[in-house]
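Below: start-v4.cif (mmCIF, C-alpha atoms and all ligand atoms)
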data_work
loop_
_atom_site.label_atom_id
_atom_site.label_comp_id
_atom_site.auth_asym_id
_atom_site.auth_seq_id
_atom_site.Cartn_x
_atom_site.Cartn_y
_atom_site.Cartn_z
CA MET A 1 0.00 0.00 0.00
CA THR A 2 1.53 3.27 -1.06
CA THR A 3 1.26 6.52 0.82
CA SER A 4 -0.83 8.91 -1.26
CA PRO A 5 0.15 12.58 -1.76
CA GLU A 6 -2.70 13.56 0.57
CA GLN A 7 -1.40 11.20 3.25
CA GLN A 8 2.11 12.56 2.73
CA ARG A 9 0.85 16.09 3.36
CA ASP A 10 -0.89 14.84 6.49
CA LEU A 11 2.33 13.16 7.64
CA TYR A 12 4.26 16.36 7.05
CA ARG A 13 1.79 18.38 9.10
CA HIS A 14 2.08 15.94 11.98
CA LEU A 15 5.88 15.91 11.85
CA LEU A 16 6.06 19.67 11.89
CA LEU A 17 3.36 19.99 14.54
CA THR A 18 5.33 17.61 16.76
CA ARG A 19 8.49 19.66 16.41
CA LEU A 20 6.86 23.06 16.83
CA LEU A 21 4.73 21.97 19.77
CA GLU A 22 7.83 20.58 21.44
CA GLU A 23 9.57 23.93 20.91
CA ARG A 24 6.65 25.65 22.65
CA MET A 25 7.03 23.23 25.54
CA VAL A 26 10.76 24.01 25.79
CA SER A 27 9.89 27.66 26.11
CA LEU A 28 7.23 26.97 28.78
CA TYR A 29 9.64 24.69 30.62
CA ARG A 30 12.30 27.40 30.71
CA GLN A 31 9.76 29.89 32.02
CA GLY A 32 8.98 27.48 34.85
CA LYS A 33 5.43 27.02 33.60
CA MET A 34 5.64 23.30 32.94
CA THR A 35 5.28 20.70 35.66
CA GLY A 36 7.70 17.77 35.66
CA GLY A 37 10.39 16.80 33.17
CA LEU A 38 10.50 17.48 29.46
CA PHE A 39 11.63 14.43 27.50
CA ARG A 40 12.29 15.55 23.96
CA CYS A 41 11.90 13.63 20.72
CA LEU A 42 13.98 15.94 18.51
CA GLY A 43 15.25 13.85 15.59
CA GLN A 44 12.92 10.92 16.33
CA GLU A 45 9.66 12.43 15.10
CA ALA A 46 9.39 10.19 12.02
CA THR A 47 9.46 7.02 14.11
CA ALA A 48 6.51 7.98 16.32
CA VAL A 49 4.47 9.72 13.62
CA GLY A 50 5.05 7.07 10.94
CA SER A 51 4.27 4.09 13.15
CA ALA A 52 1.09 5.51 14.68
CA PHE A 53 -0.07 6.48 11.18
CA ALA A 54 -0.36 2.77 10.31
CA LEU A 55 -3.08 2.13 12.90
CA GLU A 56 -6.78 2.23 12.20
CA GLU A 57 -9.66 3.66 14.17
CA GLY A 58 -10.42 1.39 17.10
CA ASP A 59 -6.81 0.28 17.51
CA LEU A 60 -4.92 0.95 20.73
CA LEU A 61 -1.68 2.79 21.39
CA ILE A 62 0.45 3.13 24.49
CA PRO A 63 3.27 5.61 23.88
CA ILE A 64 6.39 6.24 25.90
CA ILE A 65 8.23 9.48 26.65
CA ARG A 66 9.45 10.28 23.11
CA ASP A 67 6.16 9.69 21.32
CA LEU A 68 4.54 13.10 21.26
CA GLY A 69 4.14 12.55 17.50
CA ALA A 70 2.14 9.34 18.01
CA THR A 71 -0.06 11.12 20.53
CA LEU A 72 -0.84 13.82 17.95
CA VAL A 73 -1.51 11.28 15.20
CA ARG A 74 -4.07 9.59 17.48
CA GLY A 75 -5.91 12.90 17.59
CA ALA A 76 -4.71 14.65 20.73
CA ARG A 77 -5.19 18.43 20.54
CA PRO A 78 -2.14 20.62 21.25
CA VAL A 79 -4.17 22.74 23.69
CA ASP A 80 -5.00 19.66 25.79
CA ILE A 81 -1.38 18.51 25.78
CA LEU A 82 -0.30 21.99 26.90
CA ARG A 83 -2.92 22.06 29.65
CA GLN A 84 -1.70 18.67 30.75
CA VAL A 85 2.00 19.65 30.93
CA MET A 86 1.04 22.82 32.80
CA THR A 87 -1.14 20.70 35.16
CA LYS A 88 -4.24 22.80 34.60
CA ALA A 89 -7.63 21.94 36.04
CA ASP A 90 -9.18 21.45 32.59
CA ALA A 91 -6.45 19.12 31.33
CA PRO A 92 -7.43 15.49 30.66
CA ALA A 93 -5.76 14.50 33.98
CA ARG A 94 -7.43 17.54 35.65
CA GLY A 95 -4.07 18.82 36.87
CA ARG A 96 -3.13 15.67 38.71
CA ASP A 97 -0.46 14.50 36.31
CA GLY A 98 1.76 15.62 33.44
CA PHE A 99 2.69 14.52 29.91
CA LEU A 100 3.54 10.91 30.76
CA HIS A 101 -0.02 10.17 31.77
CA PHE A 102 -1.83 12.04 29.02
CA CYS A 103 -4.53 9.77 27.68
CA LEU A 104 -7.66 9.86 25.55
CA PRO A 105 -9.21 6.39 25.80
CA GLU A 106 -12.01 7.37 23.41
CA LYS A 107 -9.34 7.76 20.72
CA GLY A 108 -7.55 4.53 21.63
CA LEU A 109 -4.72 6.49 23.22
CA TYR A 110 -3.65 5.27 26.64
CA SER A 111 -1.11 6.76 28.97
CA ALA A 112 2.54 5.74 29.01
CA ILE A 113 3.65 3.45 31.81
CA ALA A 114 6.67 4.66 33.76
CA MET A 115 8.04 1.19 34.55
CA LEU A 116 9.82 0.44 31.30
CA GLY A 117 8.75 -2.76 29.55
CA THR A 118 5.47 -3.15 31.41
CA ALA A 119 3.42 -1.66 28.58
CA VAL A 120 4.03 -4.80 26.51
CA SER A 121 1.99 -6.96 28.92
CA VAL A 122 -0.60 -4.24 29.34
CA VAL A 123 -1.20 -3.76 25.62
CA ALA A 124 -1.22 -7.56 25.22
CA GLY A 125 -3.90 -7.82 27.89
CA MET A 126 -5.95 -5.09 26.24
CA VAL A 127 -6.03 -6.80 22.86
CA LEU A 128 -6.69 -10.15 24.54
CA ALA A 129 -9.78 -8.60 26.15
CA ASP A 130 -10.84 -7.27 22.73
CA ARG A 131 -10.33 -10.71 21.21
CA TYR A 132 -12.87 -12.12 23.71
CA LEU A 133 -15.24 -9.40 22.52
CA GLY A 134 -14.76 -10.53 18.92
CA LYS A 135 -12.83 -7.42 17.88
CA LYS A 136 -9.73 -7.42 15.67
CA THR A 137 -7.98 -4.63 17.54
CA VAL A 138 -4.25 -4.17 17.07
CA GLY A 139 -2.26 -2.72 19.98
CA MET A 140 0.90 -0.72 19.45
CA THR A 141 3.43 0.28 22.05
CA TYR A 142 6.96 1.68 22.15
CA LEU A 143 10.24 0.93 23.91
CA GLY A 144 13.81 2.17 23.74
CA GLU A 145 16.87 -0.07 23.91
CA GLY A 146 16.90 0.31 27.69
CA GLY A 147 13.29 -0.80 27.87
CA THR A 148 14.10 -4.03 26.03
CA SER A 149 16.60 -4.94 28.77
CA THR A 150 13.88 -5.25 31.40
CA GLY A 151 12.36 -8.49 32.59
CA ALA A 152 8.92 -7.01 31.97
CA PHE A 153 9.63 -6.74 28.24
CA HIS A 154 10.62 -10.41 27.99
CA GLU A 155 7.67 -11.66 30.01
CA GLY A 156 5.28 -9.52 28.01
CA ILE A 157 6.53 -10.48 24.57
CA ASN A 158 6.65 -14.16 25.51
CA PHE A 159 3.05 -14.07 26.74
CA ALA A 160 1.93 -12.20 23.62
CA SER A 161 3.70 -14.71 21.38
CA VAL A 162 2.24 -17.76 23.13
CA GLN A 163 -1.24 -16.23 22.86
CA LYS A 164 -0.59 -15.01 19.28
CA LEU A 165 -1.77 -11.57 20.30
CA PRO A 166 -1.97 -8.78 17.70
CA ILE A 167 0.55 -6.31 19.06
CA VAL A 168 3.26 -4.26 17.40
CA VAL A 169 6.13 -3.18 19.61
CA VAL A 170 8.05 -0.31 18.07
CA LEU A 171 11.63 -0.49 19.28
CA GLU A 172 13.13 2.98 19.19
CA PHE A 173 16.83 2.45 18.75
CA ASN A 174 18.05 5.97 19.49
CA ARG A 175 21.66 5.27 20.54
CA TYR A 176 21.39 6.16 24.26
CA SER A 177 19.41 5.07 27.29
CA TYR A 178 19.85 8.06 29.53
CA SER A 179 23.69 8.24 29.27
CA THR A 180 24.28 4.54 28.50
CA PRO A 181 25.33 3.94 24.88
CA SER A 182 23.57 1.14 23.01
CA GLU A 183 26.59 -1.21 23.00
CA MET A 184 26.53 -1.20 26.80
CA GLN A 185 22.80 -1.87 26.82
CA CYS A 186 22.36 -4.79 24.48
CA GLY A 187 24.66 -7.72 23.57
CA ALA A 188 22.65 -8.69 20.51
CA ALA A 189 23.64 -7.09 17.20
CA THR A 190 20.19 -5.56 16.82
CA LEU A 191 17.13 -5.17 19.04
CA ALA A 192 15.10 -7.00 16.40
CA ASP A 193 17.29 -10.10 17.02
CA LYS A 194 15.49 -10.47 20.32
CA ALA A 195 12.32 -11.46 18.44
CA ALA A 196 13.70 -14.83 17.31
CA GLY A 197 13.97 -16.16 20.87
CA TYR A 198 10.22 -15.78 21.26
CA GLY A 199 9.15 -16.95 17.80
CA VAL A 200 8.10 -13.43 16.97
CA ALA A 201 8.39 -11.65 13.60
CA SER A 202 10.54 -8.56 13.28
CA ALA A 203 11.93 -5.99 10.86
CA ILE A 204 14.39 -3.15 10.95
CA VAL A 205 13.65 0.16 9.31
CA ASP A 206 15.32 3.55 8.98
CA GLY A 207 13.42 5.44 11.67
CA ASN A 208 14.30 8.80 10.13
CA ASP A 209 12.57 7.96 6.85
CA VAL A 210 8.91 8.59 7.61
CA LEU A 211 7.57 6.85 4.50
CA ALA A 212 9.67 3.76 5.18
CA VAL A 213 8.38 3.72 8.77
CA VAL A 214 4.75 4.01 7.62
CA GLU A 215 5.16 1.17 5.14
CA ALA A 216 6.99 -1.11 7.57
CA ALA A 217 4.44 -0.35 10.30
CA ARG A 218 1.54 -1.11 7.95
CA ARG A 219 3.09 -4.51 7.20
CA ALA A 220 3.58 -5.13 10.92
CA VAL A 221 0.01 -4.09 11.75
CA ALA A 222 -1.40 -6.26 8.94
CA TRP A 223 0.69 -9.23 10.14
CA ALA A 224 -0.63 -8.82 13.66
CA ARG A 225 -4.25 -8.25 12.58
CA GLU A 226 -4.19 -11.39 10.41
CA GLY A 227 -3.58 -13.47 13.53
CA ASN A 228 0.14 -14.18 13.15
CA GLY A 229 1.05 -12.85 16.57
CA PRO A 230 3.25 -9.98 17.74
CA PHE A 231 5.68 -8.01 15.61
CA LEU A 232 8.80 -6.17 16.76
CA LEU A 233 9.60 -3.22 14.53
CA GLU A 234 13.01 -1.74 15.20
CA CYS A 235 13.38 1.86 14.03
CA LYS A 236 16.94 3.11 13.79
CA THR A 237 16.96 6.71 14.89
CA TYR A 238 18.84 9.07 17.18
CA ARG A 239 18.04 11.05 20.30
CA ARG A 240 19.42 14.53 19.54
CA LYS A 241 18.77 15.90 23.01
CA GLY A 242 19.70 14.64 26.45
CA HIS A 243 17.45 12.24 28.33
CA ALA A 244 15.47 15.26 29.53
CA GLU A 245 15.96 19.02 29.57
CA HIS A 246 18.16 18.87 32.66
CA ASP A 247 20.65 16.55 30.88
CA GLY A 248 23.37 18.47 29.05
CA GLN A 249 24.43 15.26 27.18
CA ALA A 250 28.14 15.84 27.88
CA TYR A 251 28.69 12.14 27.10
CA VAL A 252 27.75 12.63 23.44
CA ASP A 253 30.40 13.03 20.74
CA PRO A 254 29.66 16.37 18.98
CA GLU A 255 30.64 14.84 15.61
CA GLU A 256 28.04 12.12 16.06
CA LEU A 257 25.43 14.71 16.95
CA ALA A 258 26.32 16.81 13.90
CA GLU A 259 26.03 13.75 11.66
CA TRP A 260 22.54 12.97 12.91
CA THR A 261 21.52 16.60 12.62
CA ARG A 262 22.34 16.26 8.92
CA ARG A 263 20.02 13.23 8.85
CA ASP A 264 17.12 15.21 10.28
CA PRO A 265 13.88 13.37 9.40
CA ILE A 266 11.85 16.50 8.68
CA ALA A 267 14.43 18.12 6.38
CA ARG A 268 14.76 14.78 4.63
CA PHE A 269 11.01 14.46 4.08
CA GLU A 270 10.90 18.05 2.82
CA ARG A 271 13.42 17.12 0.10
CA HIS A 272 11.21 14.18 -0.84
CA LEU A 273 8.10 16.38 -0.97
CA ASP A 274 9.96 18.81 -3.21
CA GLU A 275 11.22 16.17 -5.59
CA GLY A 276 7.82 14.50 -5.87
CA GLY A 277 6.02 17.81 -6.35
CA VAL A 278 3.80 16.92 -3.37
CA LEU A 279 4.34 20.07 -1.31
CA ASP A 280 6.63 22.86 -2.45
CA ALA A 281 8.46 25.35 -0.24
CA ALA A 282 5.67 27.95 -0.39
CA ALA A 283 3.02 25.37 0.50
CA ARG A 284 5.17 24.11 3.37
CA GLU A 285 5.52 27.67 4.62
CA ALA A 286 1.73 27.93 4.66
CA VAL A 287 1.53 24.71 6.70
CA ARG A 288 4.03 26.13 9.18
CA ALA A 289 2.15 29.42 9.44
CA GLY A 290 -1.09 27.54 10.13
CA ILE A 291 0.58 25.48 12.88
CA ASP A 292 2.19 28.58 14.40
CA ALA A 293 -1.20 30.28 14.58
CA GLU A 294 -2.80 27.18 16.10
CA LEU A 295 -0.02 26.97 18.70
CA ASP A 296 -0.20 30.68 19.54
CA ALA A 297 -3.87 30.22 20.36
CA ALA A 298 -3.27 26.92 22.19
CA VAL A 299 -0.54 28.37 24.42
CA ALA A 300 -2.69 31.41 25.26
CA GLU A 301 -5.68 29.19 26.04
CA ALA A 302 -3.64 26.80 28.19
CA GLU A 303 -1.98 29.66 30.08
CA ALA A 304 -5.42 31.13 30.81
CA SER A 305 -6.75 27.77 32.03
CA PRO A 306 -7.38 27.57 35.78
CA ALA A 307 -5.02 25.86 38.18
CA PRO A 308 -6.51 22.87 39.99
CA ILE A 309 -8.05 23.54 43.39
CA PRO A 310 -7.65 21.08 46.25
CA ASP A 311 -11.19 19.75 46.45
CA PRO A 312 -11.51 18.26 42.96
CA GLU A 313 -8.11 16.65 43.54
CA PHE A 314 -10.04 14.29 45.72
CA ARG A 315 -12.57 13.42 43.04
CA GLY A 316 -12.40 10.66 40.48
CA VAL A 317 -9.84 8.67 42.41
CA ARG A 318 -11.88 6.21 44.46
CA ALA A 319 -15.08 4.31 43.81
CA ASP A 320 -16.30 5.28 47.29
CA GLU A 321 -15.46 8.95 46.84
CA GLU A 322 -18.62 10.32 48.48
CA ALA A 323 -17.83 8.38 51.66
CA VAL A 324 -14.22 9.56 51.58
CA VAL A 325 -15.20 13.19 51.07
CA LYS A 326 -17.72 12.92 53.92
CA ARG A 327 -15.19 11.34 56.25
CA ARG A 328 -12.72 14.05 55.36
CA GLU A 329 -15.28 16.73 56.12
CA GLU A 330 -16.03 15.14 59.48
CA THR A 331 -12.33 14.93 60.31
CA PHE A 332 -11.36 18.39 59.13
CA VAL A 333 -14.33 20.50 60.10
CA GLY A 334 -14.28 23.61 57.95
CA GLY A 335 -11.14 22.24 56.30
CA LEU A 336 -10.31 22.61 52.65
CA ARG A 337 -13.90 22.68 51.39
C1 LIG B 401 12.11 -0.42 34.91
C2 LIG B 401 12.61 0.99 34.85
N1 LIG B 401 13.91 1.26 35.12
C3 LIG B 401 14.39 2.53 35.08
C4 LIG B 401 13.55 3.56 34.76
C5 LIG B 401 14.08 5.01 34.74
N2 LIG B 401 14.21 5.43 33.33
C6 LIG B 401 13.24 6.13 32.72
S1 LIG B 401 13.58 6.43 31.11
C7 LIG B 401 15.08 5.67 31.24
C8 LIG B 401 15.97 5.54 30.03
C9 LIG B 401 15.28 4.69 29.02
O1 LIG B 401 16.11 4.45 27.92
P1 LIG B 401 15.50 3.78 26.64
O2 LIG B 401 14.57 2.68 27.00
O3 LIG B 401 16.63 3.42 25.76
O4 LIG B 401 14.59 4.92 26.00
P2 LIG B 401 15.00 6.39 25.50
O5 LIG B 401 14.99 7.28 26.71
O6 LIG B 401 16.33 6.28 24.87
O7 LIG B 401 13.94 6.78 24.55
C10 LIG B 401 15.29 5.18 32.52
C11 LIG B 401 16.50 4.46 32.97
C12 LIG B 401 12.19 3.25 34.49
N3 LIG B 401 11.31 4.20 34.14
N4 LIG B 401 11.75 1.98 34.52
#
How would this structure read if it were set down as C-alpha cells?
Amino acid sequence: MTTSPEQQRDLYRHLLLTRLLEERMVSLYRQGKMTGGLFRCLGQEATAVGSAFALEEGDLLIPIIRDLGATLVRGARPVDILRQVMTKADAPARGRDGFLHFCLPEKGLYSAIAMLGTAVSVVAGMVLADRYLGKKTVGMTYLGEGGTSTGAFHEGINFASVQKLPIVVVLEFNRYSYSTPSEMQCGAATLADKAAGYGVASAIVDGNDVLAVVEAARRAVAWAREGNGPFLLECKTYRRKGHAEHDGQAYVDPEELAEWTRRDPIARFERHLDEGGVLDAAAREAVRAGIDAELDAAVAEAEASPAPIPDPEFRGVRADEEAVVKRREETFVGGLR
C-alpha cells in the first residue's frame, strides 16, 4: 500500500506539529510554567508519527516518553497537551499529572507506563480482552533499547507470542538510554534479534525515513491483525537531546550529533516532498504558518486555564469517593472545602 500525496501532506503536518509543539514546551519549561520533566523527541519524530499512522480507528496505542508525534496522530489536541503539561484543572488528567499520563481512551490512546517494559503486557492484555469481545484490535506500544533490557519486556513479549496476540512493539533504537550507549545496553547485534527467541516476527527500518516507517508499520500491523502474533519493529533513529531538559548530554560526541543533525527526518522528508512535487516550499511555509497560529492560540488558552483547586483533587480517584469526602469533612471540620 503506497502513501498517497494527501497522506504525505498529512504526515508532514504531523511531523512539523510535533516539532513546533515541542519547541513551545521548551519555552514553557524554561519559564517554569511546565510541571515535571521534558523528554524531547527531537530527531525521532518520524518514528513515532510514521508508526502511529499505520493504525486504524479502534486500535490501541500506548506511547512512551518520546512519542509526542504518536499522541498527535491519534488525535490529541495541542491545547490539551499543553494544559496537561502545565497541570491545569481542565487538562485530561485535571491537573493531577503531566505529559507521561496524558490519555484519551475514546481515541484509543492510553497513557505511558513509567516502569519500562510493562506496557508490553498491558497492551497484550488489552487486545486479549478485545479478542474475547470478537474485535480485531491491534495494539501498538513503544520501547527504547533500555526498555528491552527489562524483565517485563521479555515476560510480556513471551506471553503475547504464546497467545498469538496482535501487538506491534516499536523499538526505538536511538543510541542512548539516559547516558548509556547502546553497545553497553544490548549484547545482541540488533534489538530485532530479540524477536527470534520468542518466535516473533521482526523488521528493521530507517526510523528517520517517515515513509519507510509508515510502510513497515503497515506490514507489521497487517501481520498482527491477520492473527500471526506480535511483531517487533526496530526503528533506527537518534536522540538529539539529552534524556530530559536537565541533561546536558556531555557524554555525546559532537561529531556524532552533527552527523545525525544532517540526517534530520523532517528536512529529509521536505526534500522528498519537493522532488515528488507533493508540497513545495511555499506550500510548506503555509503549513508552518497555520501550525504557528494554532499553537499561539493553544498556548494562550492553556496559560489562561485555571489551576486545579484542592477539592476536585479528591474526586475521580476512588469508587467510594462520596464516603471519603464525607469522612474528610467530618475529620477536618471547615477544612479545605
Ligand atoms: C524499569 C525501569 N527502570 C528505570 C527507569 C528510569 N528510566 C526512565 S527512562 C530511562 C531511560 C530509558 O532508555 P531507553 O529505554 O533506551 O529509551 P529512551 O529514553 O532512549 O527513549 C530510565 C532508565 C524506568 N522508568 N523503569
Hey, which residues sit close to ligand LIG 401 (chain B)? Say within 6 Å, counting all atoms listed in the file, and write them as an mmCIF file with C-alpha atoms, in the coordinates of the input.
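The resulting file, selection-v4.cif, is reproduced below:
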data_model
loop_
_atom_site.group_PDB
_atom_site.id
_atom_site.type_symbol
_atom_site.label_atom_id
_atom_site.label_comp_id
_atom_site.auth_asym_id
_atom_site.auth_seq_id
_atom_site.Cartn_x
_atom_site.Cartn_y
_atom_site.Cartn_z
ATOM 1 C CA ARG A 66 9.450 10.280 23.110
ATOM 2 C CA ALA A 114 6.670 4.660 33.760
ATOM 3 C CA MET A 115 8.040 1.190 34.550
ATOM 4 C CA LEU A 116 9.820 0.440 31.300
ATOM 5 C CA LEU A 143 10.240 0.930 23.910
ATOM 6 C CA GLY A 144 13.810 2.170 23.740
ATOM 7 C CA GLU A 145 16.870 -0.070 23.910
ATOM 8 C CA GLY A 146 16.900 0.310 27.690
ATOM 9 C CA GLY A 147 13.290 -0.800 27.870
ATOM 10 C CA ASN A 174 18.050 5.970 19.490
ATOM 11 C CA TYR A 176 21.390 6.160 24.260
ATOM 12 C CA SER A 177 19.410 5.070 27.290
ATOM 13 C CA TYR A 178 19.850 8.060 29.530
ATOM 14 C CA HIS A 243 17.450 12.240 28.330
#
Got a sec to check which residues sit within 6 Å of (-0.3, 4.7, 25.2), counting all atoms listed in the file, and write them as a VMD selection string? chain A and resid 61 to 63 109 to 112
Any chance you could export the current selection's C-alpha atoms as a PDB file, in the frame of the given file?
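Contents of again-v1.pdb, as written:
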ATOM      1  CA  LEU A  61      -1.680   2.790  21.390  1.00  0.00           C
ATOM      2  CA  ILE A  62       0.450   3.130  24.490  1.00  0.00           C
ATOM      3  CA  PRO A  63       3.270   5.610  23.880  1.00  0.00           C
ATOM      4  CA  LEU A 109      -4.720   6.490  23.220  1.00  0.00           C
ATOM      5  CA  TYR A 110      -3.650   5.270  26.640  1.00  0.00           C
ATOM      6  CA  SER A 111      -1.110   6.760  28.970  1.00  0.00           C
ATOM      7  CA  ALA A 112       2.540   5.740  29.010  1.00  0.00           C
TER       8      ALA A 112
END
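Proximity of A:Ala76, A:Leu38, A:Ala93, A:Leu295 to A:Gly316, computed with only C-alpha atoms, is greatest for A:Ala93.
Of the residues under consideration (A:Gly227, A:Glu6, A:Thr47, A:Leu171), A:Gly227 shows the shortest atom-to-atom contact distance to A:Leu128 when counting all atoms listed in the file.
Computed from the coordinates, the atom CA of A:Val299 to atom CA of A:Leu28 distance equals 9.0 Å.
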Please list, as an NGL selection string, the residues that have an atom at most 10 Å away from (8.7, 15.0, 1.5) in the coordinates of this file, counting all atoms listed in the file. :A and (5 or 8-9 or 11-12 or 209-211 or 265-280 or 284)
For A:Glu259, work out the shell of residues within 12 Å, counting all atoms listed in the file and skipping chain neighbours fewer than 4 positions away, then give it as a PyMOL selection string. chain A and resi 43+237-238+240+252-255+263-264
Mind checking which residues fall within 7 Å of stretch 32-35 of chain A, counting only C-alpha atoms, ignoring those fewer than 5 positions away in the same chain, and posting them as JSON, numbers by chain? {"A": [85, 86, 87, 98]}
The selected residues should be written to file as a PDB file, keeping the file's coordinate frame (atoms: C-alpha atoms).
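And here is the file that came out, selection_24.pdb:
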ATOM      1  CA  VAL A  85       2.000  19.650  30.930  1.00  0.00           C
ATOM      2  CA  MET A  86       1.040  22.820  32.800  1.00  0.00           C
ATOM      3  CA  THR A  87      -1.140  20.700  35.160  1.00  0.00           C
ATOM      4  CA  GLY A  98       1.760  15.620  33.440  1.00  0.00           C
TER       5      GLY A  98
END
Find the residues around A:Pro105 up to 12 Å (all atoms listed in the file counted), leave out those fewer than 2 positions away in its own chain, and share them as a compact mmCIF listing (two decimals) with C-alpha atoms, keeping the file's coordinate frame.
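part26.txt, written as the output of this step:
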# COMPACT_ATOMS: atom_id res chain seq x y z
CA GLU A 57 -9.66 3.66 14.17
CA GLY A 58 -10.42 1.39 17.10
CA ASP A 59 -6.81 0.28 17.51
CA LEU A 60 -4.92 0.95 20.73
CA LEU A 61 -1.68 2.79 21.39
CA ILE A 62 0.45 3.13 24.49
CA THR A 71 -0.06 11.12 20.53
CA ARG A 74 -4.07 9.59 17.48
CA GLY A 75 -5.91 12.90 17.59
CA ALA A 76 -4.71 14.65 20.73
CA PRO A 92 -7.43 15.49 30.66
CA HIS A 101 -0.02 10.17 31.77
CA PHE A 102 -1.83 12.04 29.02
CA CYS A 103 -4.53 9.77 27.68
CA LYS A 107 -9.34 7.76 20.72
CA GLY A 108 -7.55 4.53 21.63
CA LEU A 109 -4.72 6.49 23.22
CA TYR A 110 -3.65 5.27 26.64
CA SER A 111 -1.11 6.76 28.97
CA MET A 126 -5.95 -5.09 26.24
Among listed residues A:Ser121, A:Ser51, A:Ser27, A:Thr18, nearest A:Leu68 (using all atoms listed in the file): A:Thr18
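Across the model, the gap from atom CA of A:Asn228 to atom CA of A:Ala129 is 17.3 Å.
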Any idea what's packed within 12 Å of A:Ala212, counting all atoms listed in the file, ignoring anything in its chain fewer than 4 positions away? Could you give it as a PDB file with C-alpha atoms, keeping the file's coordinate frame?
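This is the output file around-v1.pdb:
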ATOM      1  CA  MET A   1       0.000   0.000   0.000  1.00  0.00           C
ATOM      2  CA  THR A   2       1.530   3.270  -1.060  1.00  0.00           C
ATOM      3  CA  THR A   3       1.260   6.520   0.820  1.00  0.00           C
ATOM      4  CA  GLN A   8       2.110  12.560   2.730  1.00  0.00           C
ATOM      5  CA  ALA A  46       9.390  10.190  12.020  1.00  0.00           C
ATOM      6  CA  THR A  47       9.460   7.020  14.110  1.00  0.00           C
ATOM      7  CA  VAL A  49       4.470   9.720  13.620  1.00  0.00           C
ATOM      8  CA  GLY A  50       5.050   7.070  10.940  1.00  0.00           C
ATOM      9  CA  SER A  51       4.270   4.090  13.150  1.00  0.00           C
ATOM     10  CA  PHE A  53      -0.070   6.480  11.180  1.00  0.00           C
ATOM     11  CA  ALA A  54      -0.360   2.770  10.310  1.00  0.00           C
ATOM     12  CA  ALA A 203      11.930  -5.990  10.860  1.00  0.00           C
ATOM     13  CA  ILE A 204      14.390  -3.150  10.950  1.00  0.00           C
ATOM     14  CA  VAL A 205      13.650   0.160   9.310  1.00  0.00           C
ATOM     15  CA  ASP A 206      15.320   3.550   8.980  1.00  0.00           C
ATOM     16  CA  GLY A 207      13.420   5.440  11.670  1.00  0.00           C
ATOM     17  CA  ASN A 208      14.300   8.800  10.130  1.00  0.00           C
ATOM     18  CA  ALA A 216       6.990  -1.110   7.570  1.00  0.00           C
ATOM     19  CA  ALA A 217       4.440  -0.350  10.300  1.00  0.00           C
ATOM     20  CA  ARG A 218       1.540  -1.110   7.950  1.00  0.00           C
ATOM     21  CA  ARG A 219       3.090  -4.510   7.200  1.00  0.00           C
ATOM     22  CA  LEU A 233       9.600  -3.220  14.530  1.00  0.00           C
ATOM     23  CA  GLU A 234      13.010  -1.740  15.200  1.00  0.00           C
ATOM     24  CA  CYS A 235      13.380   1.860  14.030  1.00  0.00           C
ATOM     25  CA  LYS A 236      16.940   3.110  13.790  1.00  0.00           C
ATOM     26  CA  PRO A 265      13.880  13.370   9.400  1.00  0.00           C
ATOM     27  CA  PHE A 269      11.010  14.460   4.080  1.00  0.00           C
TER      28      PHE A 269
END
Would you mind listing what lies within 10 Å of A:Val324 as a ChimeraX atom specification, with only C-alpha atoms counted and same-chain residues fewer than 5 positions away left out? /A:314-315,318-319,329-330
Quick one, how far is atom CA of A:Ala222 from atom CA of A:Arg77? 27.5 Å
Using only C-alpha atoms, which of the listed residues (A:Glu56, A:Asp67, A:Asp80, A:Glu155) sits closest to A:His14? A:Asp67
Can you tell me, as lines of an AutoDock Vina configuration file, the centre and edge lengths (Å, one decimal) of the axis-aligned box enclosing all of stretch 50-69 of chain A's listed atoms after padding each side by 3 Å?
center_x = -0.5
center_y = 6.7
center_z = 18.5
size_x = 25.9
size_y = 18.8
size_z = 22.3
